[in-house]
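Since the structure comes first, as structure tokens, the remarks are kept for the end.
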Amino acid sequence: MLPKLTGLAVALCLFSSVVNASTPLAVTVAPVPPPDATGFRLGTAQSSAGATKGGTLTVDNRSLRLNGMPWTPVMGEFHYTRYAAEEWSGELAKMKAGGIDIVATYVFWIHHEEVEGQWNWTGDRDLRRFVQLASEAGLKVIVRCGPWCHGEVHNGAVPDWAIAKGWKIRTDDPPYLEHVKIVYGQIATQLSGLLWKDGGPVIGIQLENEYDGPAEHLLHLKELARAAGLDVPLYTRTGWPELKTPMPFGEILPLYGAYAEGFWDREITSMPGNYWSVFHFSTLRTDANIANEALGRRDVKDAADVARYPYLTCEIGGGMMSSYHRRIRVDPRDVEATTLVKLGSGSISPGYYMYHGGTNPEGKLSTMMEQQSTAMTNWNDLPVKNYDFQAPLGQYGQIRPHYQMLRRLHFFLHDFGEKLAGMDTFLPELRPAGKDDTTTLRWAARSDGRAGFVFVNNYERLKKLLAKEGVQFSVKLADGSAVTFPEKAVAIPADARFIWPFNLDLGSGLRLAWATAQPLCVTGEIADRRYYFAETPSIPAEFSFVTPTGVQPAVARPAASRMPFMTLVGERGRKVSIIVLSEIDSLALSKDVRTGAIRFDAPVPEITPRPVDIEVIRTAGPARDILLGKISEPVAAEPTDADFAQAAVWRIKLPAGFDPAEGNALLRIRYTGDVARVYLGDRLITDDFYNGAALEVGLRRYAAELKHAELTIAILPLRRDAITGGKPLIYVPVSAQPDFAGRDSVVRIDGVELVPNSGAGIKSEP
């Protein structure tokens with residue numbers, strides 16, 4: 001039987017006879033060569049668990065390959081030592097529900113051997129238990145072994161005692177390498193039986209981090225890891241910075257990154273340097289903005305053999321920390337846009353740093369954060385405890401808006417990634433001229449020469465991009481024909497970010513010639529499939545199909561619905577249904593991690609915050625003098641413990657009868673000041689550098705202590721001359737700069753309240 005549209009679809013057919021007067025935006029695509037897997041020299045690819053749980057994991061120049069098929073996994077960073085062990089299981093489940101396939105985690109050497117010879121792998125430092133729970137959640141694991149990690153940790157995770165020995169850290173200095181053997185041996189013991197070859201979830205090891213020395217050192221680290229028993233399918237390194245000597249091909253996979261803005265820059269301005277470039281499509285993999293504090297402003301280029309590797313990432317900014325001198329405040333759209341641009345630029349596997357925030361653990365000898373006063377990794381001052389990172393999942397498991405935004409992209413990768421892996425990136429004929437060109441649309445196509453996707457990003461952090469009028473795309477295919485769509489030119493709204501398909505094979509002899517809606521996911525069996533799409537806000541969702549009888553007239557979607565608005569019947573009577581979700585429903589779309597069944601997050605009920613009383617214990621003294629750090633390129637130094645003798649202090653009086661052990665309440669503190677510290681009794685539990693956002697504290701974790709200890713908050717005054725004038729010392733977003741009302745400084749609490757933690761669990765409905 002010939003394919004046909006159902007009666008409902010026929011009734012909705014709209015053929016546009018309007019001739020578009022504008023010139024289509026054009027791109028020419030070419031055939032894509034088959035994948036090439038030659039030359040890789042990694043670890044054991046076969047899992048002893050067999051194909052049901054493991055199988056083979058290999059690499060070619062286009063993607064990872066799981067059981068021989070292209071695999072485009074999503075990776076999210078979550079540091080086990082920065083989170084309460086009793087909450088790991090629930091947080092890993094939320095990562096899996098968010099579309100994460102691989103959890104990446106640093107092993108911070110100093111967290112485990114702060115005192116020489118005294119190893120601690122217990123409690124929140126129990127790497128083995130964390131990996132086991134990740135496996136139970138259905139996640140694979142990449143362990144970033146260091147020994148130097150950075151990660152905004154004291155000395156980059158190298159213990160003070162190791163530095164005191166005079167070893168040449170991060171080199172082939174023999175005594176240093178002798179102890180690296182011990183470090184790797186300890187990690188190998190923790191991971192014994194959990195590696196991929198043993199049927200476990202650990203598929204990869206990252207060696208060192210942001211290393212710019214000779215490649216031979218990384219190769220020696222790989223040898224030490226393998227000698228310790230860390231035999232895995234994937235050995236990785238950060239693809240930045242450029243190595244001093246070439247890396248032999250295939251030994252270690254380079255992974256890349258991009259951040260919308262960084263806390264590390266020395267400038268006290270917004271979006272310095274080349275951050276604008278991460279919002280533009282480009283085939284350059286190496287980012288010029290990462291680690292500017294260590295590497296300086298520089299031109300970057302990719303290695304000569306970069307095209308022989310798959311385009312994998314490990315550090316797309318899932319958010320950003322604030323350093324003392326740069327108070328970054330992330331817009332969730334920053335994260336979605338940079339991820340979409342990376343995908344459109346050729347990446348096939350996004351990895352986020354961070355995907356889940358946390359809290360620095362207690363140290364025996366020192367605090368555990370990066371600061372200018374330490375021996376190494378001393379470029380910036382970071383909060384003592386807070387490592388929230390404004391991530392999709394926060395310091396206390398809060399679910400942020402970019403969790404849903406990214407989940408929507410992850411579903412696309414899961415169901416269309418196999419096609420995407422076979423596609424190259426093709427840049428259009430007309431591209432933005434540079435940083436200040438805001439009139440030219442930013443877009444790219446990925447294609448195998450016949451089918452593909454158009455990626456569009458009309459958003460840039462802290463810059464207003466206007467709507468682009470009269471837009472129509474023309475993709476010249478490898479056979480000389482062209483797909484031009486939509487039939488009538490449309491206006492691309494300001495801040496729009498989307499993916500539109502062309503010549504998408506739907507199976508059963510049916511093909512989607514083009515659509516002005518974003519593919520989300522596919523459900524059902526071959527005889528009855530459902531394709532879910534997301535509407536592009538302010539643009540009509542239109543579809544054009546190709547069947548054995550020819551091109552069908554364009555079909556326009558009616559009002560948003562979770563039900564199919566049309567069904568096509570293909571070969572052998574097989575059905576393909578099309579569902580177009582509203583923007584809200586596309587963000588609410590979720591999948592049961594066990595069955596794959598489509599569900600939708602239930603709307604979060606409107607709950608009035610519960611006010612919390614505070615009591616002044618001490619008013620603020622004079623605002624402190626802000627000094628510079630004692631390093632070669634110093635920035636403003638964070639306050640010391642002694643400085644807090646002049647802080648304003650309030651007692652936080654939780655309501656009578658409130659039980660923090662029940663539910664999962666957040667204490668939300670809206671304040672204005674320089675630095676805030678929250679204490680439980682005499683213990684510092686979190687802190688914050690003011691950037692205009694509220695400070696949140698998850699109380700359930702401290703329920704036992706709250707029975708006998710009180711909460712207090714100390715806040716230092718924010719100096720007007722520190723953030724304004726000709727030579728400010730601290731960057732604070734314009735939107736967060738307070739009205740000083742003629743005063744030299746300000747410190748106040750604007751409100752304290754109890755609110756439900758959005759991360760307590762996502763309730764879904766069919």
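Letters A, B, ... go to the chains of the structure tokens in the order shown; residues in each chain start at 1; ligands are counted from 1 in the same order.
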
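Summary of the local environment: counting only C-alpha atoms, residues at most 7 Å from region 667-671 of chain A, other than itself and those fewer than 5 positions away along its chain, are A:Ala694, A:Leu695, A:Glu696, A:Val697, A:Gly698, A:Leu699, A:Arg748, A:Ile749, A:Asp750, A:Gly751, A:Val752, A:Glu753, A:Leu754, A:Val755.
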
I need the residues from that last selection saved to file as a short mmCIF file (atom, residue, chain, number, x, y, z; two decimals), in the first residue's frame (with C-alpha atoms), if you can.
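Saved to again.cif:
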data_model
loop_
_atom_site.label_atom_id
_atom_site.label_comp_id
_atom_site.auth_asym_id
_atom_site.auth_seq_id
_atom_site.Cartn_x
_atom_site.Cartn_y
_atom_site.Cartn_z
CA ALA A 694 20.27 34.85 46.64
CA LEU A 695 22.38 32.58 48.82
CA GLU A 696 20.69 29.21 49.40
CA VAL A 697 21.40 26.64 52.11
CA GLY A 698 19.94 23.13 52.11
CA LEU A 699 18.90 22.47 55.70
CA ARG A 748 22.11 44.51 54.60
CA ILE A 749 19.82 41.52 54.53
CA ASP A 750 16.82 42.04 52.26
CA GLY A 751 14.91 38.94 53.33
CA VAL A 752 15.23 35.39 54.63
CA GLU A 753 12.72 32.68 53.82
CA LEU A 754 12.17 28.95 53.62
CA VAL A 755 11.33 27.53 50.19
#

From the DSSP assignment of the backbone, select every residue of region 482-664 of chain A that is strand (DSSP E or B), and format the answer as a PyMOL selection string. chain A and resi 482-492+497-507+510-515+517-525+528-535+542-547+550-551+555-556+566-569+575-581+589-591+598-601+610-611+613-618+628+636+648-653

Export C-alpha atoms of the chosen residues as a PDB file, in the first residue's frame?
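This is the output file result_1.pdb:
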ATOM      1  CA  ALA A 482      18.836  22.115  -2.979  1.00  0.00           C
ATOM      2  CA  VAL A 483      16.462  22.134  -0.036  1.00  0.00           C
ATOM      3  CA  THR A 484      15.030  25.603   0.541  1.00  0.00           C
ATOM      4  CA  PHE A 485      12.845  26.198   3.563  1.00  0.00           C
ATOM      5  CA  PRO A 486      10.549  27.343   4.958  1.00  0.00           C
ATOM      6  CA  GLU A 487       8.361  28.113   1.946  1.00  0.00           C
ATOM      7  CA  LYS A 488       7.831  31.658   3.177  1.00  0.00           C
ATOM      8  CA  ALA A 489      10.609  33.588   4.884  1.00  0.00           C
ATOM      9  CA  VAL A 490      10.260  34.038   8.624  1.00  0.00           C
ATOM     10  CA  ALA A 491      11.642  36.320  11.301  1.00  0.00           C
ATOM     11  CA  ILE A 492      14.112  34.682  13.694  1.00  0.00           C
ATOM     12  CA  ARG A 497      18.257  28.993  19.642  1.00  0.00           C
ATOM     13  CA  PHE A 498      17.111  25.946  17.698  1.00  0.00           C
ATOM     14  CA  ILE A 499      17.799  22.969  15.424  1.00  0.00           C
ATOM     15  CA  TRP A 500      15.745  22.300  12.267  1.00  0.00           C
ATOM     16  CA  PRO A 501      16.045  19.096  10.208  1.00  0.00           C
ATOM     17  CA  PHE A 502      16.129  18.524   6.469  1.00  0.00           C
ATOM     18  CA  ASN A 503      15.782  15.247   4.556  1.00  0.00           C
ATOM     19  CA  LEU A 504      15.347  13.363   7.830  1.00  0.00           C
ATOM     20  CA  ASP A 505      14.661   9.654   7.263  1.00  0.00           C
ATOM     21  CA  LEU A 506      11.605   8.695   9.316  1.00  0.00           C
ATOM     22  CA  GLY A 507      11.683   5.042   8.303  1.00  0.00           C
ATOM     23  CA  LEU A 510       8.919   8.229   4.675  1.00  0.00           C
ATOM     24  CA  ARG A 511      11.167  11.280   4.777  1.00  0.00           C
ATOM     25  CA  LEU A 512      10.833  14.686   6.368  1.00  0.00           C
ATOM     26  CA  ALA A 513      11.948  17.113   3.674  1.00  0.00           C
ATOM     27  CA  TRP A 514      12.182  19.900   6.222  1.00  0.00           C
ATOM     28  CA  ALA A 515      10.562  21.261   9.347  1.00  0.00           C
ATOM     29  CA  ALA A 517      10.489  22.662  14.602  1.00  0.00           C
ATOM     30  CA  GLN A 518      13.262  21.036  16.630  1.00  0.00           C
ATOM     31  CA  PRO A 519      13.497  17.224  16.785  1.00  0.00           C
ATOM     32  CA  LEU A 520      13.334  15.956  20.353  1.00  0.00           C
ATOM     33  CA  CYS A 521      13.036  12.189  20.500  1.00  0.00           C
ATOM     34  CA  VAL A 522      11.475   9.073  18.988  1.00  0.00           C
ATOM     35  CA  THR A 523       9.350   6.469  20.756  1.00  0.00           C
ATOM     36  CA  GLY A 524       7.534   3.289  19.824  1.00  0.00           C
ATOM     37  CA  GLU A 525       8.303   0.271  17.673  1.00  0.00           C
ATOM     38  CA  ASP A 528       4.136   2.578  15.133  1.00  0.00           C
ATOM     39  CA  ARG A 529       6.646   5.348  15.778  1.00  0.00           C
ATOM     40  CA  ARG A 530       6.131   8.740  17.348  1.00  0.00           C
ATOM     41  CA  TYR A 531       8.415  11.655  16.562  1.00  0.00           C
ATOM     42  CA  TYR A 532       8.347  14.466  19.099  1.00  0.00           C
ATOM     43  CA  PHE A 533       9.287  18.000  18.065  1.00  0.00           C
ATOM     44  CA  ALA A 534       9.559  21.288  19.964  1.00  0.00           C
ATOM     45  CA  GLU A 535       8.030  24.407  18.516  1.00  0.00           C
ATOM     46  CA  GLU A 542       5.552  23.655   9.414  1.00  0.00           C
ATOM     47  CA  PHE A 543       6.473  20.279   7.935  1.00  0.00           C
ATOM     48  CA  SER A 544       7.060  19.032   4.416  1.00  0.00           C
ATOM     49  CA  PHE A 545       7.197  15.295   3.788  1.00  0.00           C
ATOM     50  CA  VAL A 546       8.464  13.114   0.963  1.00  0.00           C
ATOM     51  CA  THR A 547       6.713   9.828   0.258  1.00  0.00           C
ATOM     52  CA  GLY A 550       6.374  12.707  -4.125  1.00  0.00           C
ATOM     53  CA  VAL A 551       6.704  15.827  -1.996  1.00  0.00           C
ATOM     54  CA  VAL A 555       1.658  20.997   6.819  1.00  0.00           C
ATOM     55  CA  ALA A 556       1.159  23.539   9.569  1.00  0.00           C
ATOM     56  CA  MET A 566      -0.833  14.024  12.092  1.00  0.00           C
ATOM     57  CA  THR A 567      -0.029  10.424  11.236  1.00  0.00           C
ATOM     58  CA  LEU A 568       1.584   9.142   8.055  1.00  0.00           C
ATOM     59  CA  VAL A 569       1.175   5.589   6.865  1.00  0.00           C
ATOM     60  CA  LYS A 575       2.619   4.409  11.063  1.00  0.00           C
ATOM     61  CA  VAL A 576       4.669   7.494  11.829  1.00  0.00           C
ATOM     62  CA  SER A 577       2.992  10.055  14.077  1.00  0.00           C
ATOM     63  CA  ILE A 578       4.177  13.651  14.498  1.00  0.00           C
ATOM     64  CA  ILE A 579       3.777  15.479  17.797  1.00  0.00           C
ATOM     65  CA  VAL A 580       4.765  19.129  18.221  1.00  0.00           C
ATOM     66  CA  LEU A 581       5.075  20.328  21.786  1.00  0.00           C
ATOM     67  CA  LEU A 589       9.364  16.366  28.534  1.00  0.00           C
ATOM     68  CA  SER A 590      11.124  13.544  30.358  1.00  0.00           C
ATOM     69  CA  LYS A 591      11.682   9.844  29.905  1.00  0.00           C
ATOM     70  CA  ILE A 598       7.503   9.617  27.708  1.00  0.00           C
ATOM     71  CA  ARG A 599       6.372  11.634  30.684  1.00  0.00           C
ATOM     72  CA  PHE A 600       6.053  15.313  31.543  1.00  0.00           C
ATOM     73  CA  ASP A 601       7.265  17.047  34.674  1.00  0.00           C
ATOM     74  CA  ARG A 610       7.768  30.969  54.648  1.00  0.00           C
ATOM     75  CA  PRO A 611       9.361  34.059  56.213  1.00  0.00           C
ATOM     76  CA  ASP A 613      12.998  36.027  61.422  1.00  0.00           C
ATOM     77  CA  ILE A 614      16.489  37.332  61.934  1.00  0.00           C
ATOM     78  CA  GLU A 615      18.048  39.124  64.868  1.00  0.00           C
ATOM     79  CA  VAL A 616      20.979  41.540  64.739  1.00  0.00           C
ATOM     80  CA  ILE A 617      23.881  40.297  66.838  1.00  0.00           C
ATOM     81  CA  ARG A 618      26.436  42.832  65.675  1.00  0.00           C
ATOM     82  CA  LEU A 628      46.006  42.702  46.076  1.00  0.00           C
ATOM     83  CA  ALA A 636      41.858  41.699  44.688  1.00  0.00           C
ATOM     84  CA  ALA A 648      27.626  42.479  60.467  1.00  0.00           C
ATOM     85  CA  VAL A 649      26.169  39.354  62.098  1.00  0.00           C
ATOM     86  CA  TRP A 650      22.581  38.134  62.302  1.00  0.00           C
ATOM     87  CA  ARG A 651      21.029  35.199  64.112  1.00  0.00           C
ATOM     88  CA  ILE A 652      18.688  33.184  61.879  1.00  0.00           C
ATOM     89  CA  LYS A 653      15.646  32.094  63.873  1.00  0.00           C
TER      90      LYS A 653
END

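Closest approach to Gln398 (chain A) among A:Gly358, A:Pro553, A:Leu627, A:Arg326 is made by A:Gly358 (distances from only C-alpha atoms).
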
Would you list the contacts of region 359-373 of chain A as a PyMOL selection string, taking every protein, DNA or RNA residue within 9 Å and counting only C-alpha atoms, but skipping same-chain residues closer than 5 positions in sequence? chain A and resi 81-84+110-111+114-115+124+150-157+378-388+395-396+629-631+634-635+637-638+685-686

Give me a file of those residues, with N, CA, C and O atoms, as a short mmCIF file (atom, residue, chain, number, x, y, z; two decimals), in the first residue's frame.
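part20.cif written:
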data_model
loop_
_atom_site.label_atom_id
_atom_site.label_comp_id
_atom_site.auth_asym_id
_atom_site.auth_seq_id
_atom_site.Cartn_x
_atom_site.Cartn_y
_atom_site.Cartn_z
N THR A 81 33.73 14.11 46.35
CA THR A 81 34.24 14.63 47.62
C THR A 81 33.65 15.99 47.97
O THR A 81 33.90 16.50 49.06
N ARG A 82 32.90 16.56 47.06
CA ARG A 82 32.25 17.84 47.32
C ARG A 82 30.75 17.68 47.58
O ARG A 82 29.99 18.63 47.47
N TYR A 83 30.33 16.47 47.90
CA TYR A 83 28.90 16.25 48.15
C TYR A 83 28.73 15.19 49.23
O TYR A 83 29.58 14.31 49.40
N ALA A 84 27.62 15.28 49.94
CA ALA A 84 27.35 14.35 51.04
C ALA A 84 27.07 12.95 50.49
O ALA A 84 26.20 12.77 49.65
N ILE A 110 44.81 15.74 47.28
CA ILE A 110 44.88 16.34 48.61
C ILE A 110 43.67 15.97 49.48
O ILE A 110 43.76 15.96 50.70
N HIS A 111 42.55 15.62 48.86
CA HIS A 111 41.38 15.20 49.64
C HIS A 111 41.58 13.81 50.24
O HIS A 111 40.88 13.45 51.18
N GLU A 114 46.03 14.22 52.53
CA GLU A 114 46.45 15.55 52.96
C GLU A 114 47.69 15.46 53.83
O GLU A 114 48.57 16.34 53.78
N VAL A 115 47.78 14.42 54.63
CA VAL A 115 48.96 14.13 55.43
C VAL A 115 49.67 12.94 54.79
O VAL A 115 49.04 11.92 54.48
N ASP A 124 32.48 10.70 52.57
CA ASP A 124 32.33 11.50 51.36
C ASP A 124 33.53 11.36 50.42
O ASP A 124 33.52 11.90 49.31
N HIS A 150 43.69 21.00 39.06
CA HIS A 150 43.12 22.34 39.17
C HIS A 150 41.78 22.21 39.90
O HIS A 150 41.77 21.99 41.08
N GLY A 151 40.65 22.32 39.18
CA GLY A 151 39.37 22.14 39.86
C GLY A 151 39.11 23.14 40.97
O GLY A 151 38.28 22.90 41.85
N GLU A 152 39.87 24.28 40.96
CA GLU A 152 39.71 25.31 41.98
C GLU A 152 39.96 24.74 43.38
O GLU A 152 39.32 25.11 44.36
N VAL A 153 40.93 23.83 43.45
CA VAL A 153 41.30 23.18 44.70
C VAL A 153 42.67 23.66 45.14
O VAL A 153 43.52 24.01 44.31
N HIS A 154 42.90 23.68 46.44
CA HIS A 154 44.18 24.03 47.05
C HIS A 154 45.33 23.35 46.29
O HIS A 154 45.39 22.12 46.21
N ASN A 155 46.22 24.16 45.73
CA ASN A 155 47.38 23.66 44.98
C ASN A 155 47.00 22.80 43.78
O ASN A 155 47.82 22.00 43.30
N GLY A 156 45.80 22.93 43.29
CA GLY A 156 45.39 22.06 42.19
C GLY A 156 45.28 20.62 42.58
O GLY A 156 45.33 19.73 41.73
N ALA A 157 45.16 20.35 43.90
CA ALA A 157 45.00 19.03 44.51
C ALA A 157 46.32 18.39 44.91
O ALA A 157 46.34 17.27 45.42
N ASN A 378 47.58 29.38 42.18
CA ASN A 378 47.29 30.51 43.06
C ASN A 378 46.90 31.75 42.26
O ASN A 378 47.31 32.86 42.57
N TRP A 379 46.07 31.54 41.25
CA TRP A 379 45.70 32.65 40.38
C TRP A 379 44.49 33.43 40.91
O TRP A 379 44.34 34.60 40.63
N ASN A 380 43.59 32.76 41.64
CA ASN A 380 42.32 33.38 42.02
C ASN A 380 41.96 33.02 43.45
O ASN A 380 42.39 31.98 43.98
N ASP A 381 41.14 33.85 44.08
CA ASP A 381 40.57 33.54 45.38
C ASP A 381 39.14 33.07 45.18
O ASP A 381 38.32 33.78 44.60
N LEU A 382 38.86 31.87 45.66
CA LEU A 382 37.54 31.26 45.55
C LEU A 382 36.90 31.15 46.93
O LEU A 382 37.60 31.21 47.95
N PRO A 383 35.58 30.98 47.00
CA PRO A 383 34.94 30.79 48.30
C PRO A 383 35.54 29.61 49.06
O PRO A 383 35.99 28.62 48.45
N VAL A 384 35.53 29.69 50.37
CA VAL A 384 36.10 28.63 51.20
C VAL A 384 35.33 27.33 51.01
O VAL A 384 35.93 26.26 50.82
N LYS A 385 34.01 27.41 51.05
CA LYS A 385 33.19 26.19 51.02
C LYS A 385 32.39 26.03 49.73
O LYS A 385 32.23 24.94 49.22
N ASN A 386 31.86 27.11 49.24
CA ASN A 386 30.86 27.07 48.16
C ASN A 386 31.49 26.69 46.83
O ASN A 386 32.39 27.37 46.33
N TYR A 387 31.02 25.58 46.24
CA TYR A 387 31.38 25.24 44.86
C TYR A 387 30.10 24.90 44.09
O TYR A 387 30.01 23.91 43.38
N ASP A 388 29.12 25.77 44.23
CA ASP A 388 27.82 25.58 43.59
C ASP A 388 27.92 25.62 42.07
O ASP A 388 27.25 24.88 41.36
N GLN A 395 24.45 23.20 44.53
CA GLN A 395 25.21 22.78 45.69
C GLN A 395 24.42 21.88 46.63
O GLN A 395 24.98 21.00 47.29
N TYR A 396 23.11 22.07 46.67
CA TYR A 396 22.23 21.24 47.50
C TYR A 396 21.23 20.47 46.64
O TYR A 396 20.15 20.12 47.10
N GLY A 629 46.57 40.37 45.82
CA GLY A 629 47.31 39.17 46.12
C GLY A 629 48.79 39.34 45.84
O GLY A 629 49.20 40.22 45.07
N LYS A 630 49.60 38.48 46.43
CA LYS A 630 51.05 38.59 46.29
C LYS A 630 51.55 37.58 45.26
O LYS A 630 52.28 36.64 45.56
N ILE A 631 51.11 37.81 44.02
CA ILE A 631 51.53 36.97 42.90
C ILE A 631 51.92 37.88 41.75
O ILE A 631 51.80 39.11 41.84
N PRO A 634 48.54 40.02 40.23
CA PRO A 634 47.59 39.93 41.33
C PRO A 634 46.23 40.53 41.00
O PRO A 634 46.10 41.40 40.14
N VAL A 635 45.25 40.03 41.71
CA VAL A 635 43.91 40.60 41.70
C VAL A 635 43.49 40.81 43.15
O VAL A 635 44.21 40.43 44.08
N ALA A 637 42.30 40.52 46.75
CA ALA A 637 42.38 39.37 47.65
C ALA A 637 41.14 39.29 48.52
O ALA A 637 40.66 40.30 49.05
N GLU A 638 40.65 38.07 48.70
CA GLU A 638 39.47 37.85 49.52
C GLU A 638 39.77 38.12 50.99
O GLU A 638 40.94 38.13 51.41
N ILE A 685 29.57 26.60 57.15
CA ILE A 685 28.98 25.57 56.29
C ILE A 685 28.88 26.02 54.83
O ILE A 685 28.89 25.18 53.93
N THR A 686 28.79 27.31 54.58
CA THR A 686 28.87 27.79 53.20
C THR A 686 29.17 29.28 53.21
O THR A 686 29.04 29.96 54.24
#

I'd like to know which of A:Asp495, A:Gln472, A:Met423, A:Gly185 is closest to Glu336 (chain A), using only C-alpha atoms. A:Asp495

Between CA of Arg701 (chain A) and CA of Ala661 (chain A), what is the distance in Å, rounded to a tenth?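 It comes out at 7.9 Å.
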
Gap from CA of Pro537 (chain A) to CA of Pro428 (chain A) - Å, one decimal: 23.6 Å

Mind checking DSSP for region 425-617 of chain A and telling me the helix (DSSP H, G or I) residues as a list in words? Glu571, Arg572, Gly573, Glu583, Ile584, Asp585, Ser586, Leu587 and Ala588 of chain A

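Of the listed residues (A:Ala97, A:Ala104, A:Leu430, A:Leu284), A:Ala97 comes nearest to Gly596 (chain A); the distances count only C-alpha atoms.
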
Of the candidates A:Tyr679, A:Phe108, A:Trp161, A:Tyr235, which shows the shortest atom-to-atom distance to Ile142 (chain A), using only C-alpha atoms? A:Tyr235

Which residue out of A:Met354, A:Val471, A:Leu680, A:Ile268 has the minimum interatomic distance to Gly76 (chain A) when only C-alpha atoms are used? A:Met354

As a ChimeraX atom specification, please: the residues near Asp643 (chain A) (cut-off 10 Å, only C-alpha atoms, same-chain neighbours under 6 positions excluded). /A:621,623-625,716

A:Leu234, A:Leu207, A:Val27, A:Val202 ranked by distance to Val59 (chain A), top pick (using only C-alpha atoms):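 Counting only C-alpha atoms, the residue closest to Val59 (chain A) is A:Leu234.
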
Can you tell me which residues surround Tyr352 (chain A) at a distance of at most 7 Å, considering only C-alpha atoms, apart from same-chain residues fewer than 2 positions away, and format the answer as an MDAnalysis selection string? chainID A and resid 75:77 314:318 350 354:355
